[in-house]
file upload.txt (compact mmCIF, C-alpha atoms and all ligand atoms)
# COMPACT_ATOMS: atom_id res chain seq x y z
CA PHE A 1 0.00 0.00 0.00
CA THR A 2 1.50 3.34 -1.04
CA VAL A 3 0.53 6.61 0.65
CA LEU A 4 1.07 10.18 -0.48
CA ALA A 5 1.04 12.37 2.66
CA LEU A 6 0.92 16.15 3.10
CA GLU A 7 1.98 18.09 6.22
CA SER A 8 1.42 21.82 6.81
CA SER A 9 0.63 22.27 10.52
CA ALA A 10 3.29 24.90 11.26
CA ASP A 11 5.96 26.51 9.10
CA ASP A 12 7.26 23.68 6.90
CA THR A 13 5.48 22.54 3.74
CA CYS A 14 6.01 18.79 3.40
CA ALA A 15 4.99 15.96 1.09
CA ALA A 16 6.18 12.35 1.03
CA VAL A 17 5.47 8.95 -0.49
CA VAL A 18 5.83 5.94 1.82
CA THR A 19 4.85 2.27 1.46
CA SER A 20 3.25 0.01 4.07
CA SER A 21 6.48 -1.96 4.30
CA GLY A 22 8.19 1.22 5.54
CA ASN A 23 9.93 2.19 2.32
CA ILE A 24 10.43 5.95 2.09
CA LEU A 25 10.11 6.65 -1.63
CA SER A 26 10.37 10.43 -1.22
CA ASN A 27 10.56 13.04 1.53
CA VAL A 28 10.18 16.70 0.58
CA VAL A 29 10.48 19.43 3.24
CA LEU A 30 10.25 23.06 2.11
CA LYS A 31 11.33 25.24 5.03
CA GLN A 32 10.19 28.79 5.54
CA ASN A 33 12.14 29.93 8.65
CA HIS A 34 13.81 32.72 6.66
CA ILE A 35 10.35 34.28 6.22
CA HIS A 36 9.60 34.28 9.95
CA GLU A 37 13.04 35.20 11.28
CA GLY A 38 12.23 38.89 11.75
CA PHE A 39 8.97 38.25 13.62
CA GLY A 40 10.21 36.35 16.69
CA GLY A 41 7.91 33.43 15.86
CA ILE A 42 5.75 32.05 13.06
CA HIS A 43 3.80 34.83 11.34
CA PRO A 44 0.38 33.18 10.74
CA TYR A 45 -0.58 34.92 7.50
CA ARG A 46 2.87 34.61 5.91
CA ALA A 47 2.92 30.94 6.85
CA VAL A 48 -0.41 30.30 5.09
CA GLN A 49 0.78 32.22 2.05
CA ALA A 50 4.00 30.20 1.88
CA HIS A 51 2.09 26.91 2.18
CA GLN A 52 -0.18 28.02 -0.65
CA GLN A 53 2.83 28.75 -2.82
CA ASN A 54 4.80 25.66 -1.86
CA MET A 55 2.28 22.83 -1.48
CA PRO A 56 1.86 22.17 -5.24
CA ILE A 57 5.66 22.25 -5.61
CA ALA A 58 6.11 19.83 -2.69
CA VAL A 59 3.48 17.40 -4.06
CA ARG A 60 4.95 17.47 -7.58
CA LYS A 61 8.47 16.88 -6.25
CA ALA A 62 7.37 14.07 -3.90
CA LEU A 63 5.76 12.22 -6.83
CA ASN A 64 8.71 12.88 -9.14
CA ASP A 65 11.24 11.70 -6.55
CA ALA A 66 9.17 8.55 -5.99
CA ARG A 67 8.91 8.08 -9.81
CA MET A 68 5.14 7.76 -9.58
CA ASN A 69 2.12 9.51 -10.92
CA ALA A 70 -0.77 10.43 -8.63
CA ALA A 71 -3.02 7.67 -9.98
CA GLU A 72 -0.52 5.00 -8.81
CA VAL A 73 -0.81 6.09 -5.18
CA ASP A 74 -3.22 3.96 -3.06
CA GLY A 75 -4.24 6.56 -0.45
CA ILE A 76 -3.87 10.21 0.56
CA ALA A 77 -3.00 11.27 4.14
CA PHE A 78 -2.74 14.73 5.67
CA THR A 79 -2.20 16.39 9.05
CA ARG A 80 -5.62 17.01 10.57
CA GLY A 81 -4.35 18.66 13.78
CA PRO A 82 -3.18 20.00 16.14
CA GLY A 83 -1.60 23.07 14.57
CA MET A 84 -2.24 26.52 13.19
CA THR A 85 -5.74 26.72 11.68
CA GLY A 86 -4.88 28.47 8.40
CA CYS A 87 -1.82 26.29 7.85
CA LEU A 88 -3.70 23.03 8.45
CA GLY A 89 -6.36 24.27 6.02
CA VAL A 90 -3.94 24.41 3.09
CA GLY A 91 -2.76 20.80 3.48
CA SER A 92 -6.19 19.42 4.25
CA SER A 93 -7.88 21.09 1.26
CA ALA A 94 -5.13 19.89 -1.06
CA ALA A 95 -5.33 16.34 0.30
CA LYS A 96 -9.12 16.14 0.22
CA THR A 97 -9.31 17.48 -3.32
CA LEU A 98 -6.61 15.09 -4.52
CA ALA A 99 -8.35 12.13 -2.87
CA ALA A 100 -11.76 13.07 -4.25
CA ALA A 101 -10.46 13.70 -7.77
CA LEU A 102 -8.50 10.45 -7.82
CA ASN A 103 -11.23 8.51 -5.99
CA LYS A 104 -8.74 7.29 -3.36
CA PRO A 105 -9.23 6.72 0.38
CA LEU A 106 -8.31 9.57 2.77
CA VAL A 107 -6.91 9.64 6.33
CA GLY A 108 -6.48 12.72 8.57
CA VAL A 109 -3.60 12.20 11.01
CA HIS A 110 -2.84 13.55 14.52
CA HIS A 111 0.49 15.40 14.20
CA MET A 112 1.85 14.40 17.63
CA GLN A 113 0.83 10.76 17.19
CA ALA A 114 2.85 10.89 13.98
CA HIS A 115 5.90 12.28 15.84
CA ALA A 116 5.39 9.55 18.47
CA LEU A 117 5.17 6.65 15.97
CA THR A 118 8.20 7.72 13.88
CA PRO A 119 10.66 5.63 15.95
CA ILE A 120 8.67 2.49 15.15
CA LEU A 121 9.30 3.12 11.46
CA THR A 122 12.95 4.07 11.85
CA SER A 123 14.04 1.36 14.28
CA ALA A 124 12.70 -1.55 12.22
CA PRO A 125 13.33 -4.50 12.34
CA ASN A 126 13.66 -4.07 16.13
CA PRO A 127 11.01 -1.51 17.04
CA PRO A 128 10.30 -0.57 20.67
CA THR A 129 7.66 -2.79 22.26
CA PHE A 130 4.54 -1.53 24.05
CA PRO A 131 4.21 -0.23 26.69
CA PHE A 132 6.97 2.37 26.26
CA LEU A 133 7.60 5.93 27.37
CA THR A 134 7.49 8.67 24.76
CA LEU A 135 9.07 12.07 25.14
CA LEU A 136 7.69 14.51 22.58
CA VAL A 137 9.72 17.69 22.58
CA SER A 138 8.90 20.13 19.81
CA GLY A 139 7.95 23.69 18.94
CA GLY A 140 4.43 23.39 20.29
CA HIS A 141 4.63 20.55 22.82
CA THR A 142 6.52 19.17 25.79
CA LEU A 143 4.92 15.83 26.54
CA LEU A 144 5.92 12.72 28.43
CA LEU A 145 3.57 9.90 27.48
CA LEU A 146 2.96 6.27 28.28
CA ALA A 147 2.20 4.58 24.97
CA THR A 148 0.24 1.35 25.36
CA SER A 149 -0.73 0.89 21.69
CA ILE A 150 -0.40 2.87 18.48
CA THR A 151 -3.56 4.81 19.35
CA GLN A 152 -3.38 4.98 23.16
CA PHE A 153 -1.24 7.59 24.84
CA ARG A 154 -1.57 8.57 28.48
CA ILE A 155 -0.12 11.99 29.37
CA LEU A 156 2.24 11.59 32.35
CA ALA A 157 3.71 15.10 32.23
CA THR A 158 3.22 18.26 30.23
CA THR A 159 3.74 21.99 30.69
CA PRO A 160 1.26 24.75 31.51
CA ASP A 161 3.54 27.33 29.85
CA GLU A 162 6.00 27.59 26.95
CA SER A 163 7.19 24.47 25.13
CA ILE A 164 10.85 23.51 25.34
CA GLY A 165 11.34 24.15 21.60
CA ARG A 166 10.01 27.70 21.83
CA VAL A 167 12.26 28.43 24.81
CA PHE A 168 15.29 27.16 22.85
CA ASP A 169 14.23 29.53 20.05
CA LYS A 170 13.74 32.50 22.38
CA VAL A 171 16.98 32.06 24.29
CA SER A 172 18.83 31.69 20.99
CA ARG A 173 17.32 34.96 19.74
CA MET A 174 17.97 36.72 23.04
CA LEU A 175 21.67 35.88 22.72
CA ALA A 176 21.65 36.98 19.05
CA LEU A 177 23.30 33.72 17.95
CA PRO A 178 24.41 33.12 14.36
CA TRP A 179 21.61 32.20 11.95
CA SER A 180 21.14 28.54 11.00
CA VAL A 181 18.96 27.04 8.25
CA LYS A 182 17.70 24.60 10.84
CA GLY A 183 16.28 27.42 12.95
CA PRO A 184 17.24 29.26 16.14
CA GLY A 185 16.97 26.22 18.47
CA ALA A 186 19.47 24.30 16.37
CA SER A 187 21.76 27.33 16.13
CA LEU A 188 21.98 27.39 19.95
CA GLU A 189 23.14 23.78 19.94
CA GLU A 190 25.69 24.47 17.18
CA PHE A 191 26.95 27.55 19.04
CA VAL A 192 27.52 25.60 22.28
CA ALA A 193 29.16 22.68 20.47
CA ALA A 194 31.61 25.00 18.71
CA SER A 195 32.95 26.49 21.95
CA THR A 196 35.01 25.55 24.95
CA VAL A 197 33.09 27.09 27.79
CA GLN A 198 35.18 28.61 30.55
CA GLU A 199 32.73 30.37 32.85
CA ASP A 200 30.29 28.06 34.64
CA LEU A 201 26.87 29.63 34.91
CA ALA A 202 25.00 26.47 35.95
CA LEU A 203 24.07 27.98 39.32
CA LEU A 204 22.01 30.65 37.58
CA MET A 205 19.57 28.05 36.32
CA PRO A 206 16.72 27.14 38.66
CA ARG A 207 15.66 23.52 39.16
CA THR A 208 12.02 23.31 38.21
CA MET A 209 9.53 21.68 40.55
CA PRO A 210 11.85 18.92 41.77
CA GLY A 211 10.02 15.65 42.38
CA ILE A 212 6.90 16.73 40.47
CA LEU A 213 5.84 15.20 37.15
CA ARG A 214 5.37 18.50 35.32
CA PHE A 215 7.60 20.49 32.96
CA SER A 216 8.29 24.19 33.00
CA PHE A 217 10.91 26.01 30.96
CA THR A 218 9.76 29.55 31.70
CA GLY A 219 12.03 29.73 34.76
CA LEU A 220 15.08 28.98 32.60
CA HIS A 221 13.96 31.54 30.04
CA SER A 222 13.55 34.21 32.77
CA ALA A 223 16.90 33.34 34.36
CA VAL A 224 18.65 33.97 31.02
CA GLU A 225 16.66 37.16 30.50
CA ARG A 226 17.50 38.53 33.98
CA PHE A 227 21.18 37.81 33.46
CA VAL A 228 21.23 39.53 30.07
CA THR A 229 19.37 42.57 31.40
CA ALA A 230 21.62 42.85 34.46
CA ARG A 231 24.69 42.87 32.21
CA GLY A 232 23.30 45.72 30.11
CA GLY A 233 21.62 43.79 27.27
CA THR A 234 22.72 41.34 24.59
CA GLU A 235 25.07 43.74 22.82
CA ALA A 236 27.06 44.18 26.03
CA LEU A 237 27.78 40.44 26.36
CA ASP A 238 31.04 39.12 24.96
CA MET A 239 31.01 35.85 23.01
CA SER A 240 32.46 33.74 25.81
CA THR A 241 29.71 34.88 28.20
CA ARG A 242 27.09 34.06 25.55
CA HIS A 243 28.69 30.63 25.19
CA ALA A 244 28.58 30.05 28.93
CA LEU A 245 24.96 31.16 29.15
CA ALA A 246 23.81 29.07 26.18
CA ASN A 247 25.67 26.07 27.57
CA ALA A 248 24.15 26.46 31.06
CA PHE A 249 20.68 26.81 29.55
CA GLN A 250 20.99 23.73 27.32
CA LYS A 251 22.35 21.63 30.20
CA ALA A 252 19.54 22.70 32.52
CA ALA A 253 16.83 22.14 29.88
CA VAL A 254 18.06 18.64 29.01
CA GLY A 255 18.65 17.99 32.73
CA GLN A 256 15.00 18.72 33.41
CA LEU A 257 13.92 16.24 30.72
CA GLU A 258 16.13 13.56 32.29
CA GLU A 259 14.81 14.25 35.77
CA LYS A 260 11.17 13.99 34.71
CA VAL A 261 11.84 10.79 32.75
CA ALA A 262 13.36 9.27 35.90
CA LEU A 263 10.23 10.26 37.85
CA ALA A 264 7.97 8.75 35.20
CA LEU A 265 9.97 5.50 35.25
CA ALA A 266 9.62 5.34 39.02
CA TRP A 267 5.88 5.92 38.67
CA CYS A 268 5.56 3.11 36.09
CA GLU A 269 7.49 0.75 38.32
CA LYS A 270 5.18 1.53 41.23
CA GLN A 271 2.17 0.78 39.01
CA GLY A 272 3.73 -2.50 37.96
CA ILE A 273 4.11 -1.32 34.36
CA GLY A 274 7.27 -2.76 32.83
CA VAL A 275 8.81 -0.21 30.49
CA LYS A 276 11.94 -1.07 28.50
CA HIS A 277 12.18 1.80 26.00
CA LEU A 278 12.13 5.56 25.96
CA VAL A 279 11.21 6.89 22.55
CA VAL A 280 12.17 10.51 21.91
CA SER A 281 10.82 12.56 19.01
CA GLY A 282 9.85 16.11 17.94
CA GLY A 283 12.20 18.86 16.74
CA VAL A 284 14.20 19.14 19.98
CA ALA A 285 15.03 15.41 19.69
CA SER A 286 17.43 16.33 16.89
CA ASN A 287 19.59 18.01 19.57
CA LEU A 288 22.86 16.05 19.82
CA TYR A 289 23.49 16.98 23.44
CA LEU A 290 20.12 15.39 24.32
CA ARG A 291 20.80 12.38 22.08
CA GLU A 292 24.02 11.69 23.94
CA SER A 293 22.40 11.70 27.38
CA HIS A 294 22.32 8.40 29.21
CA ASP A 295 19.12 7.11 30.68
CA PRO A 296 18.75 3.84 32.56
CA ILE A 297 16.57 2.40 29.78
CA LEU A 298 16.97 1.94 26.06
CA LEU A 299 16.76 5.22 24.19
CA VAL A 300 15.20 5.20 20.74
CA PHE A 301 15.63 8.26 18.52
CA PRO A 302 14.58 8.69 14.90
CA PRO A 303 17.28 10.12 12.63
CA ALA A 304 17.45 13.90 13.18
CA GLU A 305 15.78 14.75 9.84
CA LEU A 306 12.69 12.76 10.83
CA CYS A 307 12.49 14.44 14.28
CA THR A 308 11.48 17.84 12.87
CA ASP A 309 8.32 18.18 10.82
CA ASN A 310 8.02 15.96 7.76
CA ALA A 311 5.31 14.12 5.83
CA VAL A 312 6.96 10.68 6.11
CA MET A 313 5.70 10.46 9.68
CA ILE A 314 2.20 11.45 8.55
CA ALA A 315 2.15 8.72 5.92
CA TRP A 316 3.46 6.18 8.42
CA ALA A 317 0.89 7.12 11.12
CA SER A 318 -1.95 6.79 8.58
CA MET A 319 -0.95 3.30 7.45
CA HIS A 320 -2.77 1.20 10.06
CA ARG A 321 -6.00 3.03 9.22
CA PHE A 322 -5.69 2.48 5.46
CA LEU A 323 -4.88 -1.18 6.03
CA THR A 324 -7.94 -1.72 8.25
CA GLY A 325 -10.26 0.36 6.05
CA ASN A 326 -10.80 2.90 8.86
CA THR A 327 -10.59 5.90 6.56
CA ASP A 328 -12.12 9.40 6.70
CA ASP A 329 -14.95 10.93 4.75
CA TYR A 330 -13.91 13.57 2.18
CA SER A 331 -15.87 16.08 4.31
CA VAL A 332 -13.60 15.53 7.37
CA LEU A 333 -12.68 18.79 9.17
CA ILE A 334 -9.35 19.87 10.63
CA ARG A 335 -8.88 19.86 14.45
CA PRO A 336 -6.48 22.72 15.33
CA LYS A 337 -6.80 21.87 19.05
CA TRP A 338 -6.61 18.11 19.61
CA SER A 339 -5.11 16.34 22.60
CA ILE A 340 -3.10 13.19 21.96
CA ASP A 341 -4.97 11.34 24.71
CA ASP A 342 -8.16 11.74 22.63
CA LEU A 343 -7.54 9.60 19.55
CA SER A 344 -10.71 7.55 20.09
CA THR A 345 -12.43 9.11 17.07
CA ASN A 346 -9.35 8.37 15.01
P1 LIG B 401 4.63 20.73 17.10
O1 LIG B 401 5.19 19.48 16.54
O2 LIG B 401 4.55 20.74 18.57
O3 LIG B 401 3.35 21.13 16.43
P2 LIG B 401 6.52 22.11 15.43
O4 LIG B 401 6.01 21.21 14.41
O5 LIG B 401 6.67 23.57 15.13
O6 LIG B 401 5.66 21.94 16.75
P3 LIG B 401 8.97 20.63 15.28
O7 LIG B 401 9.26 20.87 13.84
O8 LIG B 401 8.64 19.26 15.71
O9 LIG B 401 7.90 21.62 15.92
O10 LIG B 401 10.19 21.19 16.11
C1 LIG B 401 10.62 22.54 15.98
C2 LIG B 401 11.25 22.95 17.30
O11 LIG B 401 12.39 22.15 17.53
C3 LIG B 401 11.69 24.41 17.30
O12 LIG B 401 11.15 25.07 18.42
C4 LIG B 401 13.22 24.30 17.40
O13 LIG B 401 13.77 25.25 18.25
C5 LIG B 401 13.45 22.94 18.01
N1 LIG B 401 14.73 22.39 17.58
C6 LIG B 401 15.08 21.98 16.33
N2 LIG B 401 16.36 21.54 16.32
C7 LIG B 401 16.82 21.71 17.59
C8 LIG B 401 18.07 21.43 18.22
N3 LIG B 401 19.10 20.93 17.54
N4 LIG B 401 18.18 21.70 19.54
C9 LIG B 401 17.14 22.21 20.23
N5 LIG B 401 15.95 22.50 19.69
C10 LIG B 401 15.79 22.25 18.39
FE FE B 402 5.98 18.94 14.79

call {"tool": "encode", "arguments": {"input": "upload.txt", "output": "structure tokens"}}
result
Amino acid sequence: FTVLALESSADDTCAAVVTSSGNILSNVVLKQNHIHEGFGGIHPYRAVQAHQQNMPIAVRKALNDARMNAAEVDGIAFTRGPGMTGCLGVGSSAAKTLAAALNKPLVGVHHMQAHALTPILTSAPNPPTFPFLTLLVSGGHTLLLLATSITQFRILATTPDESIGRVFDKVSRMLALPWSVKGPGASLEEFVAASTVQEDLALLMPRTMPGILRFSFTGLHSAVERFVTARGGTEALDMSTRHALANAFQKAAVGQLEEKVALALAWCEKQGIGVKHLVVSGGVASNLYLRESHDPILLVFPPAELCTDNAVMIAWASMHRFLTGNTDDYSVLIRPKWSIDDLSTN
């Protein structure tokens, strides 16, 4: 079974062709971060406009790369939610129209479920076995989940405030770090990796809610902000101080993830739930410092390029529904707000 999938929930326009045996025939990601760089975040209207320009290009290229024409595809998948309303609309309209015109089945996919299932595709033939822990760390989410099947995710920890990915982005911008095609979060990692840090600023970083199964990265963000302000603003900081600050922030952020994972493992053990794997996905999972951290259980990471947004994961997450005939009506609507513990209608 061969699926053409479209993804447009945030700022990347993506299309891919994937088979039910896990063959990735094409993977097109058209990034737009250069458009949003000046706005301190994703500019909603510009993002919609870019998707409208790029989606036909992405679809054409995905089919060309896969050496297929649209009629040879067996099903069409798209990201149904969660995400930015206007952005989701572009991908969903394109997918629905394609499916209707070609008379092919259609599946609308939950974006975070797709991030969560990516490691099952990429660690074949030895995928993690249920139940496993899933850490989803991205631009919009910070979630620690207990996955008991491909459609059942229990939220063990999340955050009431900013996601870890956004805080990486904001701290990177606050320190005016060099631009990277991969975005500001990745440029912070590259900046730290390229330096030998002398000053140790670890003590500046607060430990967040020790012992409690909840994330918060706002405290780290504020700690960096206070330091920068006290030193007279970003321009007044020399490069080695910026290095030290970026390094302390990254260590504390990853440290918090490790601490909460340890708490979740302890909780599972108390419940008698045997967990062997920790699956990590979402944009922040491409961070090498995080990937090198050592947890007491088996860590499973997708390759970095499948951690950030892509349509391969959307195709893969739709597959079980195509194969069981559990497909969507062409009139299906997007769900911009959609919790991952509510996949029952899926
Ligand atoms: P969501 O999946 O929650 O809807 P999204 O799709 O915008 O959000 P992703 O593409 O999964 O998010 O991830 C983007 C985020 O990942 C950005 O906030 C970015 O800062 C972060 N990120 C990407 N690479 C790195 C890295 N190397 N280190 C830290 N953060 C990173
Ligand atoms: Fe994402």

call {"tool": "residues_near_ligand", "arguments": {"input": "upload.txt", "ligand": "ligand LIG 401 (chain B)", "cutoff": "9 Å", "atoms": "all atoms listed in the file", "output": "ChimeraX atom specification"}}
result
/A:8-12,42,81-84,111-112,115,136-142,163-170,172,182-190,250,281-290,304,307-310

call {"tool": "residues_around", "arguments": {"input": "upload.txt", "residues": "stretch 54-70 of chain A", "least_positions_apart": "3", "cutoff": "10 Å", "atoms": "only C-alpha atoms", "output": "number ranges by chain"}}
result
A: 4-8, 12-18, 24-32, 48-51, 73-76, 90-91, 94-95, 98-99, 102, 311

call {"tool": "atom_distance", "arguments": {"input": "upload.txt", "atom1": "atom CA of A:Gly274", "atom2": "atom CA of A:Ala253"}}
result
26.8 Å

call {"tool": "closest_residue", "arguments": {"input": "upload.txt", "among": "A:Phe1, A:Ile35, A:Glu72, A:Val107", "to": "A:Ser331", "atoms": "only C-alpha atoms"}}
result
A:Val107

call {"tool": "atom_distance", "arguments": {"input": "upload.txt", "atom1": "atom CA of A:Ala223", "atom2": "atom CA of A:Met205"}}
result
6.2 Å

call {"tool": "residues_around", "arguments": {"input": "upload.txt", "residues": "A:Ala176", "least_positions_apart": "5", "cutoff": "9 Å", "atoms": "only C-alpha atoms", "output": "compact mmCIF listing (two decimals) with C-alpha atoms, in the frame of the given file"}}
result
# COMPACT_ATOMS: atom_id res chain seq x y z
CA VAL A 171 16.98 32.06 24.29
CA THR A 234 22.72 41.34 24.59
CA GLU A 235 25.07 43.74 22.82
CA ARG A 242 27.09 34.06 25.55

call {"tool": "residues_around", "arguments": {"input": "upload.txt", "residues": "stretch 118-129 of chain A", "least_positions_apart": "2", "cutoff": "6 Å", "atoms": "only C-alpha atoms", "output": "list in words"}}
result
His115, Ala116, Pro302 and Met313 of chain A

call {"tool": "atom_distance", "arguments": {"input": "upload.txt", "atom1": "atom CA of A:Leu213", "atom2": "atom CA of A:Lys260"}}
result
6.0 Å

call {"tool": "residues_near_point", "arguments": {"input": "upload.txt", "point": "(-13.5, 20.3, 8.0)", "cutoff": "9 Å", "atoms": "all atoms listed in the file", "output": "list in words"}}
result
Arg80, Gly89, Ser92, Ser93, Tyr330, Ser331, Val332, Leu333, Ile334 and Arg335 of chain A

call {"tool": "closest_residue", "arguments": {"input": "upload.txt", "among": "A:Lys96, A:Arg226, A:His34, A:His110", "to": "ligand FE 402 (chain B)", "atoms": "all atoms listed in the file"}}
result
A:His110

call {"tool": "closest_residue", "arguments": {"input": "upload.txt", "among": "A:Met209, A:Ala230, A:Ala157, A:Ala114", "to": "ligand FE 402 (chain B)", "atoms": "all atoms listed in the file"}}
result
A:Ala114

call {"tool": "closest_residue", "arguments": {"input": "upload.txt", "among": "A:Phe301, A:Arg214, A:Gln256, A:Asn33", "to": "A:Ser180", "atoms": "all atoms listed in the file"}}
result
A:Asn33

call {"tool": "closest_residue", "arguments": {"input": "upload.txt", "among": "A:Asn23, A:Thr97, A:Ile314, A:His243", "to": "ligand FE 402 (chain B)", "atoms": "all atoms listed in the file"}}
result
A:Ile314

call {"tool": "residues_around", "arguments": {"input": "upload.txt", "residues": "A:His277", "least_positions_apart": "2", "cutoff": "7 Å", "atoms": "all atoms listed in the file", "output": "number ranges by chain"}}
result
A: 128, 132-133, 275, 279, 297-300

call {"tool": "residues_around", "arguments": {"input": "upload.txt", "residues": "A:Phe322", "least_positions_apart": "2", "cutoff": "12 Å", "atoms": "all atoms listed in the file", "output": "number ranges by chain"}}
result
A: 1-4, 19-20, 74-77, 104-109, 315-320, 324-328, 346

call {"tool": "write_last_selection", "arguments": {"input": "upload.txt", "atoms": "C-alpha atoms", "output": "PDB file, in the coordinates of the input"}}
result
ATOM      1  CA  PHE A   1       0.000   0.000   0.000  1.00  0.00           C
ATOM      2  CA  THR A   2       1.500   3.340  -1.040  1.00  0.00           C
ATOM      3  CA  VAL A   3       0.530   6.610   0.650  1.00  0.00           C
ATOM      4  CA  LEU A   4       1.070  10.180  -0.480  1.00  0.00           C
ATOM      5  CA  THR A  19       4.850   2.270   1.460  1.00  0.00           C
ATOM      6  CA  SER A  20       3.250   0.010   4.070  1.00  0.00           C
ATOM      7  CA  ASP A  74      -3.220   3.960  -3.060  1.00  0.00           C
ATOM      8  CA  GLY A  75      -4.240   6.560  -0.450  1.00  0.00           C
ATOM      9  CA  ILE A  76      -3.870  10.210   0.560  1.00  0.00           C
ATOM     10  CA  ALA A  77      -3.000  11.270   4.140  1.00  0.00           C
ATOM     11  CA  LYS A 104      -8.740   7.290  -3.360  1.00  0.00           C
ATOM     12  CA  PRO A 105      -9.230   6.720   0.380  1.00  0.00           C
ATOM     13  CA  LEU A 106      -8.310   9.570   2.770  1.00  0.00           C
ATOM     14  CA  VAL A 107      -6.910   9.640   6.330  1.00  0.00           C
ATOM     15  CA  GLY A 108      -6.480  12.720   8.570  1.00  0.00           C
ATOM     16  CA  VAL A 109      -3.600  12.200  11.010  1.00  0.00           C
ATOM     17  CA  ALA A 315       2.150   8.720   5.920  1.00  0.00           C
ATOM     18  CA  TRP A 316       3.460   6.180   8.420  1.00  0.00           C
ATOM     19  CA  ALA A 317       0.890   7.120  11.120  1.00  0.00           C
ATOM     20  CA  SER A 318      -1.950   6.790   8.580  1.00  0.00           C
ATOM     21  CA  MET A 319      -0.950   3.300   7.450  1.00  0.00           C
ATOM     22  CA  HIS A 320      -2.770   1.200  10.060  1.00  0.00           C
ATOM     23  CA  THR A 324      -7.940  -1.720   8.250  1.00  0.00           C
ATOM     24  CA  GLY A 325     -10.260   0.360   6.050  1.00  0.00           C
ATOM     25  CA  ASN A 326     -10.800   2.900   8.860  1.00  0.00           C
ATOM     26  CA  THR A 327     -10.590   5.900   6.560  1.00  0.00           C
ATOM     27  CA  ASP A 328     -12.120   9.400   6.700  1.00  0.00           C
ATOM     28  CA  ASN A 346      -9.350   8.370  15.010  1.00  0.00           C
TER      29      ASN A 346
END

call {"tool": "closest_residue", "arguments": {"input": "upload.txt", "among": "A:Cys268, A:Leu144, A:Leu323, A:Leu306", "to": "ligand FE 402 (chain B)", "atoms": "all atoms listed in the file"}}
result
A:Leu306

call {"tool": "build_atoms", "arguments": {"input": "upload.txt", "residues": "stretch 15-26 of chain A", "atoms": "N, CA and C atoms", "output": "compact mmCIF listing (two decimals), keeping the file's coordinate frame"}}
result
# COMPACT_ATOMS: atom_id res chain seq x y z
N ALA A 15 5.71 17.01 1.79
CA ALA A 15 4.99 15.96 1.09
C ALA A 15 5.92 14.75 0.99
N ALA A 16 5.36 13.55 1.08
CA ALA A 16 6.18 12.35 1.03
C ALA A 16 5.38 11.18 0.49
N VAL A 17 6.10 10.20 -0.06
CA VAL A 17 5.47 8.95 -0.49
C VAL A 17 6.14 7.81 0.27
N VAL A 18 5.32 7.01 0.96
CA VAL A 18 5.83 5.94 1.82
C VAL A 18 4.98 4.69 1.59
N THR A 19 5.61 3.52 1.64
CA THR A 19 4.85 2.27 1.46
C THR A 19 4.57 1.61 2.81
N SER A 20 3.61 0.68 2.81
CA SER A 20 3.25 0.01 4.07
C SER A 20 4.38 -0.85 4.61
N SER A 21 5.35 -1.20 3.77
CA SER A 21 6.48 -1.96 4.30
C SER A 21 7.56 -1.02 4.86
N GLY A 22 7.27 0.28 4.90
CA GLY A 22 8.19 1.22 5.54
C GLY A 22 9.23 1.79 4.60
N ASN A 23 9.01 1.62 3.30
CA ASN A 23 9.93 2.19 2.32
C ASN A 23 9.62 3.67 2.11
N ILE A 24 10.63 4.52 2.31
CA ILE A 24 10.43 5.95 2.09
C ILE A 24 10.83 6.25 0.65
N LEU A 25 9.82 6.45 -0.21
CA LEU A 25 10.11 6.65 -1.63
C LEU A 25 10.47 8.11 -1.93
N SER A 26 9.96 9.04 -1.10
CA SER A 26 10.37 10.43 -1.22
C SER A 26 10.03 11.16 0.06
